[in-house]
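Below: the structure, in structure tokens.
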Amino acid sequence: MALNLFKRVEIQKGLFAVEKITLIYTLLTSILILFLFQKMDHPLRMLLERGMIVGVTFLLMYLYRLAPCKFSTFIRIAIQMSLLSYWYPDTFEFNRIFPNLDHIFASAEEWLFGGQPAVWFCLRFPHMWVSEPFNMGYFFYYPMILIVVVFYFIRCFDHFEEISFVLVTSFFIYYLVYIFVPVAGPQFYFPAIGSENVAKGIFPAIGDYFNHHQELLPGPGYDHGFFFNLVEGSQRIGERPTAAFPSSHVGISTILMLIAWRGNKKLFSCLIPFYLLLCGATVYIQAHYVIDAIAGFVSAFAIYFSVSWMFKRWFAVPMFK
């Protein structure tokens, strides 16, 4: 089937839905920056970066009008999705000034399970045949997003803008939670309080500790594995003590599975093994408490259906008439 990427089509006027929601999130966080201006490390730079994002968004809209086609549509939406890599660490710039809440979640985990499953899991199964599949699943998170998005672009283009909107809006909902619910997860909280306290079930409050510290636990498992080193390297470079509750890895990947099921059952079947490994890996590598993973799974359904309704109710505009 020919894609006709550069075939001219009737132009869609104005912003795409995914661009509108990005501008809304940009506005909301800009207001928050102004409100917290005196407490933040570099508010002027953050406001400038937001101004650049707004400028690029409108520039792309203008360039699209010069050559409206599938390819220019893909570029506009892909750039907004790629900006998620900027918005994720940006949440840390807000929540680092609030009191950390990990002691509440670790205590709840202790009460529910009589210990810390994130510790038990990796200590019980350090073997390569467990570590490598879980790390592969965790690393597959972004390829999974790419596969589903490209599939819809090629095979279900009429729904391409909708699924892009659902994904980006879902990320923004999680990011707003991360701003106001500062939970870093075991890989940051446990080294902050010490392994002795973890073993004794003592979980002290640490206030704004992460405003000045970002020490990360070494990844558990088979440390000579290929996927172990991929995950470990990406964690060291891009991870911040933020975004633990609820798990967006579990939440977004669950939303991706719902989108895949809707688009193609074979695609869904191919992604299922990676999805299950990814969900298990969030606890295995100590990025999340079990509570985070459960909350990510449950929240995914509420977010998917509510955001899909939001798109149809307020944002749906046929891409090509």
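Ordered as shown in the structure tokens, chains take letters A, B, and onward, while each chain numbers its residues from 1 and ligands are numbered from 1 in the order shown.
Non-sequential neighbours of range 270-282 of chain A (distance at most 8 Å, separation of 3 or more positions within a chain, only C-alpha atoms) are Pro133, Phe134, Asn135, Met136, Gly137, Tyr138, Phe139, Phe140, Tyr141, Met144, Ser247, His249, Val250, Ser253, Thr254, Met257, Lys266, Leu267, Ile285, Gln286, Ala287, His288 and Ala293 of chain A.
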### Message
What parts of range 70-160 of chain A does DSSP call alpha helix (DSSP H)? I'd like the answer as a PyMOL selection string.
### Response
chain A and resi 70-82+84-95+102-113+117-124+128-139+141-155+160
### Task
Write out as a ChimeraX atom specification each polymer residue whose atoms come within 9 Å of Arg240 in chain A, counting only C-alpha atoms; drop sequence neighbours fewer than 5 positions from it.
/A:88-89,92,184,188,214,216,235
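Distances from A:Tyr152, A:Phe210, A:Phe105, A:Phe226 to Val290 in chain A were compared using only C-alpha atoms, and the smallest one belongs to A:Phe105.
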Would you tabulate, counting only C-alpha atoms, all residues of range 76-166 of chain A that have an atom at most 7 Å from an atom of range 177-181 of chain A, showing the closest pair of atoms and their distance in Å to one decimal, sorted by chain then ascending number, as a Markdown table?
```
| residue | atom | partner | partner_atom | distance |
| --- | --- | --- | --- | --- |
| A:Thr91 | CA | A:Ile179 | CA | 5.3 |
| A:Phe94 | CA | A:Ile179 | CA | 5.7 |
| A:Asn95 | CA | A:Ile179 | CA | 4.9 |
```
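Take the candidates A:Ala260, A:Leu44, A:Phe113, A:Ile21 and check each one against Met81 in chain A using only C-alpha atoms; the shortest distance goes to A:Ile21.
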### Task
Go ahead and compute the interatomic distance for CA of Phe121 in chain A and CA of Ile252 in chain A, in Å to one decimal.
22.9 Å
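With only C-alpha atoms as the atoms that count, the minimum distance from Ala67 in chain A to the choices A:Gln12, A:Gly194, A:Ala106, A:Tyr25 is reached by A:Gln12.
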